[in-house]
Every structure is written in structure tokens, then in C-alpha cells.
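Student: Pasting in a structure now, in C-alpha cells, and then I'll have a few things to ask.
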Amino acid sequence: MKSFFVGQLSALEEEGFFTAKLPDGKEVLVLRCSGSLYAIQRRCPHEGAPLEKGNVWNKMIRCGQHAFTFDLETGEGLNCTGYRIECYAVTEKDGKIFLRFDGAPAPKVRFAALKMIF
């Protein structure tokens, strides 16, 4: 499994997010929600809208373009059968955020209790 540094924890506000690029060029959205730290593909699989323009709550993210909603832990489309987002395992060490990726679904990673509203 590969590990890739994506940013400093200090750059991620309590109700915030940032984007990063993986070595293969994929864009990733790193965010906090419901007490956890998540990393998902940045764009909606439906029409490519940036997911950070949507809403985040209760471990879900809703695309701002057509309201497609996804589970942040599994990537499963909750109201859009056949659609899912890619999720990445996240680790934090000494204030640095790393993604682990190999194509397998990301395990759940706990973080400080925080809430996020875009």
C-alpha cells in the first residue's frame, strides 16, 4: 500500500477542507465531518462538479449540482444507484496528513469530534 503526504493538519480548519493531487494526477478532497477525517475523489462521478461546492453532514456529501449524495465512509451513492465516489484511507502523524491508496475501499478513520457545514 502506498502512502502519500497531502498537507498539514494545521491547514485543515475544524469545518474545512482542502484539495490535493495524487502522483497519478487524481484530485482529492480532504475534509472533516462528524468527528472524522476523510479523503475522497474531488469531482462528482455524475457530471464532474466539484464536490466541495456541495453540502456535508452526518458522514455524507451532497453534490451541489444535482444533489447526488454519497456516503463518506464507503463512497456508496445513497440516492443515485450505480454511482459511487472513490475513498482513500487517511492517517495523521505529527500534524501531517497522509493518504494510503491501493484501489481498495478506505477503512473508517476517527478524528477529533468536529462538525462541517459548507
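Just so we're on the same page: first chain in the C-alpha cells is A, next is B, and so on; residues restart at 1 for each chain, and ligands are numbered from 1 in the order they show up.
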Would you pick out the contacts of range 54-62 of chain A at 12 Å or less, using only C-alpha atoms, so that residues sharing its chain but fewer than 5 positions from it are not included, and give the list as an mmCIF file with N, CA and C atoms, in the first residue's frame?

Tutor:
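Output contents, as saved in out00.cif:
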```cif
data_model
loop_
_atom_site.group_PDB
_atom_site.id
_atom_site.type_symbol
_atom_site.label_atom_id
_atom_site.label_comp_id
_atom_site.auth_asym_id
_atom_site.auth_seq_id
_atom_site.Cartn_x
_atom_site.Cartn_y
_atom_site.Cartn_z
ATOM 1 N N GLU A 15 -14.005 23.085 10.403
ATOM 2 C CA GLU A 15 -15.131 22.862 9.495
ATOM 3 C C GLU A 15 -14.663 23.075 8.068
ATOM 4 N N GLY A 16 -13.502 22.557 7.748
ATOM 5 C CA GLY A 16 -12.926 22.880 6.458
ATOM 6 C C GLY A 16 -12.530 21.702 5.606
ATOM 7 N N PHE A 17 -11.885 22.057 4.519
ATOM 8 C CA PHE A 17 -11.430 21.089 3.541
ATOM 9 C C PHE A 17 -10.258 21.694 2.793
ATOM 10 N N LEU A 29 -10.280 15.452 -2.381
ATOM 11 C CA LEU A 29 -10.845 16.392 -1.426
ATOM 12 C C LEU A 29 -10.620 15.813 -0.034
ATOM 13 N N LEU A 31 -11.277 16.381 4.000
ATOM 14 C CA LEU A 31 -12.211 17.145 4.811
ATOM 15 C C LEU A 31 -12.459 16.489 6.153
ATOM 16 N N ARG A 32 -13.066 17.275 7.049
ATOM 17 C CA ARG A 32 -13.501 16.780 8.352
ATOM 18 C C ARG A 32 -15.023 16.771 8.381
ATOM 19 N N CYS A 33 -15.583 15.722 8.974
ATOM 20 C CA CYS A 33 -17.038 15.625 9.092
ATOM 21 C C CYS A 33 -17.387 14.645 10.191
ATOM 22 N N SER A 34 -18.316 15.009 11.056
ATOM 23 C CA SER A 34 -18.838 14.126 12.103
ATOM 24 C C SER A 34 -17.748 13.436 12.906
ATOM 25 N N GLY A 35 -16.727 14.176 13.265
ATOM 26 C CA GLY A 35 -15.667 13.640 14.092
ATOM 27 C C GLY A 35 -14.634 12.809 13.369
ATOM 28 N N SER A 36 -14.628 12.819 12.048
ATOM 29 C CA SER A 36 -13.682 12.015 11.277
ATOM 30 C C SER A 36 -12.993 12.840 10.201
ATOM 31 N N LEU A 37 -11.860 12.339 9.777
ATOM 32 C CA LEU A 37 -11.097 12.923 8.680
ATOM 33 C C LEU A 37 -11.292 12.021 7.474
ATOM 34 N N TYR A 38 -11.663 12.608 6.325
ATOM 35 C CA TYR A 38 -11.951 11.841 5.113
ATOM 36 C C TYR A 38 -11.159 12.366 3.930
ATOM 37 N N ALA A 39 -10.944 11.499 2.967
ATOM 38 C CA ALA A 39 -10.369 11.892 1.679
ATOM 39 C C ALA A 39 -11.135 11.152 0.601
ATOM 40 N N ILE A 40 -11.665 11.902 -0.350
ATOM 41 C CA ILE A 40 -12.482 11.331 -1.420
ATOM 42 C C ILE A 40 -12.069 11.954 -2.752
ATOM 43 N N GLN A 41 -12.535 11.356 -3.840
ATOM 44 C CA GLN A 41 -12.288 11.983 -5.136
ATOM 45 C C GLN A 41 -12.933 13.358 -5.126
ATOM 46 N N ARG A 42 -12.328 14.308 -5.800
ATOM 47 C CA ARG A 42 -12.799 15.689 -5.728
ATOM 48 C C ARG A 42 -14.064 15.935 -6.542
ATOM 49 N N ARG A 43 -14.237 15.259 -7.636
ATOM 50 C CA ARG A 43 -15.348 15.565 -8.546
ATOM 51 C C ARG A 43 -16.441 14.497 -8.510
ATOM 52 N N CYS A 44 -17.671 14.948 -8.650
ATOM 53 C CA CYS A 44 -18.820 14.051 -8.679
ATOM 54 C C CYS A 44 -18.721 13.139 -9.907
ATOM 55 N N PRO A 45 -18.986 11.851 -9.742
ATOM 56 C CA PRO A 45 -18.893 10.942 -10.885
ATOM 57 C C PRO A 45 -20.021 11.137 -11.907
ATOM 58 N N HIS A 46 -21.039 11.887 -11.560
ATOM 59 C CA HIS A 46 -22.167 12.098 -12.459
ATOM 60 C C HIS A 46 -21.792 13.020 -13.618
ATOM 61 N N ALA A 49 -18.884 17.797 -11.313
ATOM 62 C CA ALA A 49 -18.935 19.013 -10.494
ATOM 63 C C ALA A 49 -18.027 18.859 -9.272
ATOM 64 N N ALA A 67 -27.562 17.279 -6.565
ATOM 65 C CA ALA A 67 -27.931 16.703 -5.266
ATOM 66 C C ALA A 67 -27.653 15.206 -5.143
ATOM 67 N N PHE A 68 -26.757 14.661 -5.958
ATOM 68 C CA PHE A 68 -26.346 13.273 -5.757
ATOM 69 C C PHE A 68 -25.630 13.221 -4.409
ATOM 70 N N THR A 69 -25.988 12.250 -3.566
ATOM 71 C CA THR A 69 -25.471 12.173 -2.211
ATOM 72 C C THR A 69 -24.680 10.885 -2.020
ATOM 73 N N PHE A 70 -23.515 11.003 -1.358
ATOM 74 C CA PHE A 70 -22.607 9.873 -1.192
ATOM 75 C C PHE A 70 -22.213 9.697 0.266
ATOM 76 N N ASP A 71 -22.019 8.445 0.667
ATOM 77 C CA ASP A 71 -21.522 8.097 1.990
ATOM 78 C C ASP A 71 -20.015 8.351 2.006
ATOM 79 N N LEU A 72 -19.522 9.149 2.953
ATOM 80 C CA LEU A 72 -18.094 9.484 3.011
ATOM 81 C C LEU A 72 -17.224 8.296 3.428
ATOM 82 N N GLU A 73 -17.803 7.315 4.096
ATOM 83 C CA GLU A 73 -17.020 6.165 4.551
ATOM 84 C C GLU A 73 -16.904 5.075 3.500
ATOM 85 N N THR A 74 -17.966 4.853 2.736
ATOM 86 C CA THR A 74 -17.970 3.756 1.765
ATOM 87 C C THR A 74 -17.895 4.230 0.319
ATOM 88 N N GLY A 75 -18.268 5.490 0.073
ATOM 89 C CA GLY A 75 -18.325 6.015 -1.283
ATOM 90 C C GLY A 75 -19.625 5.701 -2.000
ATOM 91 N N GLU A 76 -20.485 4.930 -1.357
ATOM 92 C CA GLU A 76 -21.737 4.495 -1.976
ATOM 93 C C GLU A 76 -22.650 5.673 -2.287
ATOM 94 N N GLY A 77 -23.270 5.639 -3.469
ATOM 95 C CA GLY A 77 -24.278 6.624 -3.831
ATOM 96 C C GLY A 77 -25.554 6.313 -3.078
ATOM 97 N N LEU A 78 -26.050 7.251 -2.289
ATOM 98 C CA LEU A 78 -27.214 6.989 -1.436
ATOM 99 C C LEU A 78 -28.541 7.261 -2.126
ATOM 100 N N ASN A 79 -28.547 8.146 -3.090
ATOM 101 C CA ASN A 79 -29.786 8.439 -3.817
ATOM 102 C C ASN A 79 -29.537 8.391 -5.324
ATOM 103 N N CYS A 80 -28.489 7.690 -5.714
ATOM 104 C CA CYS A 80 -28.086 7.663 -7.120
ATOM 105 C C CYS A 80 -27.494 6.283 -7.446
ATOM 106 N N ARG A 84 -20.806 5.928 -7.380
ATOM 107 C CA ARG A 84 -20.067 5.919 -6.124
ATOM 108 C C ARG A 84 -18.839 6.801 -6.279
ATOM 109 N N ILE A 85 -18.300 7.238 -5.157
ATOM 110 C CA ILE A 85 -17.074 8.029 -5.178
ATOM 111 C C ILE A 85 -15.938 7.189 -4.607
ATOM 112 N N LYS A 108 -12.586 3.112 7.976
ATOM 113 C CA LYS A 108 -13.031 4.274 8.726
ATOM 114 C C LYS A 108 -11.890 4.775 9.609
ATOM 115 N N VAL A 109 -11.677 6.090 9.601
ATOM 116 C CA VAL A 109 -10.611 6.689 10.404
ATOM 117 C C VAL A 109 -11.241 7.729 11.308
ATOM 118 N N ARG A 110 -11.049 7.611 12.609
ATOM 119 C CA ARG A 110 -11.623 8.547 13.581
ATOM 120 C C ARG A 110 -10.727 9.762 13.760
ATOM 121 N N LEU A 114 -15.743 16.978 15.467
ATOM 122 C CA LEU A 114 -15.953 18.251 14.773
ATOM 123 C C LEU A 114 -17.175 18.141 13.876
ATOM 124 N N LYS A 115 -17.719 19.253 13.484
ATOM 125 C CA LYS A 115 -18.835 19.278 12.542
ATOM 126 C C LYS A 115 -18.447 20.113 11.347
ATOM 127 N N MET A 116 -19.082 19.843 10.197
ATOM 128 C CA MET A 116 -18.738 20.582 8.987
ATOM 129 C C MET A 116 -20.007 20.997 8.250
ATOM 130 N N ILE A 117 -20.051 22.238 7.859
ATOM 131 C CA ILE A 117 -21.144 22.735 7.030
ATOM 132 C C ILE A 117 -20.515 23.632 5.991
ATOM 133 N N PHE A 118 -20.796 23.383 4.731
ATOM 134 C CA PHE A 118 -20.247 24.228 3.658
ATOM 135 C C PHE A 118 -21.221 25.343 3.388
#
```

Student: Check range 18-81 of chain A with DSSP on the backbone and list each residue it calls strand (DSSP E or B), as an MDAnalysis selection string.

Tutor: chainID A and resid 18:21 27:33 36:41 43 50 55:57 60:62 69:71 76:77

Student: Using C-alpha atoms, can you write the selected residues to a file as a compact mmCIF listing (two decimals), in the first residue's frame?

Tutor:
```txt
# COMPACT_ATOMS: atom_id res chain seq x y z
CA PHE A 18 -8.57 21.32 1.11
CA THR A 19 -7.76 19.73 -2.21
CA ALA A 20 -4.63 17.80 -3.15
CA LYS A 21 -3.27 15.97 -6.18
CA GLU A 27 -7.63 15.34 -7.45
CA VAL A 28 -8.63 14.52 -3.88
CA LEU A 29 -10.84 16.39 -1.43
CA VAL A 30 -9.63 16.12 2.20
CA LEU A 31 -12.21 17.14 4.81
CA ARG A 32 -13.50 16.78 8.35
CA CYS A 33 -17.04 15.62 9.09
CA SER A 36 -13.68 12.02 11.28
CA LEU A 37 -11.10 12.92 8.68
CA TYR A 38 -11.95 11.84 5.11
CA ALA A 39 -10.37 11.89 1.68
CA ILE A 40 -12.48 11.33 -1.42
CA GLN A 41 -12.29 11.98 -5.14
CA ARG A 43 -15.35 15.56 -8.55
CA PRO A 50 -16.54 19.85 -7.63
CA ASN A 55 -23.06 20.15 1.47
CA VAL A 56 -21.51 17.86 4.07
CA TRP A 57 -23.32 16.43 7.12
CA MET A 60 -22.43 12.27 3.79
CA ILE A 61 -21.63 14.69 0.99
CA ARG A 62 -24.17 16.07 -1.49
CA THR A 69 -25.47 12.17 -2.21
CA PHE A 70 -22.61 9.87 -1.19
CA ASP A 71 -21.52 8.10 1.99
CA GLU A 76 -21.74 4.49 -1.98
CA GLY A 77 -24.28 6.62 -3.83
```

Student: Any idea what's packed within 10 Å of range 92-100 of chain A, counting only C-alpha atoms, ignoring anything in its chain fewer than 4 positions away? Could you give it as an MDAnalysis selection string?

Tutor: chainID A and resid 1:12 22 28 30 37:39 87:88 104 106 109 111

Student: Keeping only N, CA and C atoms, write the selected residues to a file as a tab-separated table (two decimals), in the first residue's frame.

Tutor:
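And here is the file that came out, result24.tsv:
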```
chain	number	residue	atom	x	y	z
A	1	MET	N	0.85	-1.17	0.00
A	1	MET	CA	0.00	0.00	0.00
A	1	MET	C	0.90	1.24	0.00
A	2	LYS	N	0.57	2.21	-0.81
A	2	LYS	CA	1.35	3.44	-0.91
A	2	LYS	C	0.81	4.49	0.05
A	3	SER	N	1.71	5.33	0.55
A	3	SER	CA	1.33	6.43	1.42
A	3	SER	C	1.83	7.71	0.77
A	4	PHE	N	1.00	8.76	0.82
A	4	PHE	CA	1.33	10.00	0.14
A	4	PHE	C	0.95	11.19	1.02
A	5	PHE	N	1.90	12.08	1.27
A	5	PHE	CA	1.66	13.28	2.05
A	5	PHE	C	0.79	14.25	1.26
A	6	VAL	N	-0.31	14.75	1.89
A	6	VAL	CA	-1.20	15.67	1.18
A	6	VAL	C	-1.29	17.04	1.81
A	7	GLY	N	-0.87	17.18	3.07
A	7	GLY	CA	-0.94	18.50	3.68
A	7	GLY	C	-0.76	18.47	5.18
A	8	GLN	N	-0.71	19.66	5.75
A	8	GLN	CA	-0.56	19.82	7.19
A	8	GLN	C	-1.94	19.85	7.85
A	9	LEU	N	-2.04	19.25	8.99
A	9	LEU	CA	-3.29	19.28	9.75
A	9	LEU	C	-3.69	20.72	10.06
A	10	SER	N	-2.71	21.58	10.29
A	10	SER	CA	-2.99	22.99	10.59
A	10	SER	C	-3.68	23.71	9.43
A	11	ALA	N	-3.58	23.19	8.21
A	11	ALA	CA	-4.23	23.79	7.05
A	11	ALA	C	-5.70	23.40	6.94
A	12	LEU	N	-6.12	22.44	7.76
A	12	LEU	CA	-7.50	21.94	7.71
A	12	LEU	C	-8.26	22.48	8.90
A	22	LEU	N	-2.82	13.60	-6.26
A	22	LEU	CA	-2.04	12.39	-6.08
A	22	LEU	C	-0.97	12.31	-7.17
A	28	VAL	N	-8.02	15.07	-5.08
A	28	VAL	CA	-8.63	14.52	-3.88
A	28	VAL	C	-9.13	15.65	-3.00
A	30	VAL	N	-9.90	16.55	0.82
A	30	VAL	CA	-9.63	16.12	2.20
A	30	VAL	C	-10.49	17.00	3.10
A	37	LEU	N	-11.86	12.34	9.78
A	37	LEU	CA	-11.10	12.92	8.68
A	37	LEU	C	-11.29	12.02	7.47
A	38	TYR	N	-11.66	12.61	6.32
A	38	TYR	CA	-11.95	11.84	5.11
A	38	TYR	C	-11.16	12.37	3.93
A	39	ALA	N	-10.94	11.50	2.97
A	39	ALA	CA	-10.37	11.89	1.68
A	39	ALA	C	-11.13	11.15	0.60
A	87	CYS	N	-12.89	6.54	-2.21
A	87	CYS	CA	-12.47	6.97	-0.88
A	87	CYS	C	-11.04	6.51	-0.63
A	88	TYR	N	-10.32	7.27	0.16
A	88	TYR	CA	-8.93	6.95	0.48
A	88	TYR	C	-8.76	6.86	1.99
A	104	ALA	N	-8.32	-0.25	-2.94
A	104	ALA	CA	-9.27	-0.88	-2.03
A	104	ALA	C	-10.04	0.20	-1.29
A	106	ALA	N	-11.45	2.53	1.57
A	106	ALA	CA	-10.76	3.05	2.75
A	106	ALA	C	-11.45	2.59	4.03
A	109	VAL	N	-11.68	6.09	9.60
A	109	VAL	CA	-10.61	6.69	10.40
A	109	VAL	C	-11.24	7.73	11.31
A	111	PHE	N	-11.34	10.88	14.10
A	111	PHE	CA	-10.61	12.12	14.30
A	111	PHE	C	-11.30	12.88	15.42
```

Student: Record the distance separating CA of His66 in chain A and CA of Tyr83 in chain A, expressed in Å with one decimal.

Tutor: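 Spanning CA of His66 in chain A to CA of Tyr83 in chain A is a straight-line distance of 12.8 Å.
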
Student: Rounded to one decimal, what separation in Å do you get between CA of Glu47 in chain A and CA of Glu86 in chain A?

Tutor: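 One can read the CA of Glu47 in chain A to CA of Glu86 in chain A distance as 15.0 Å.
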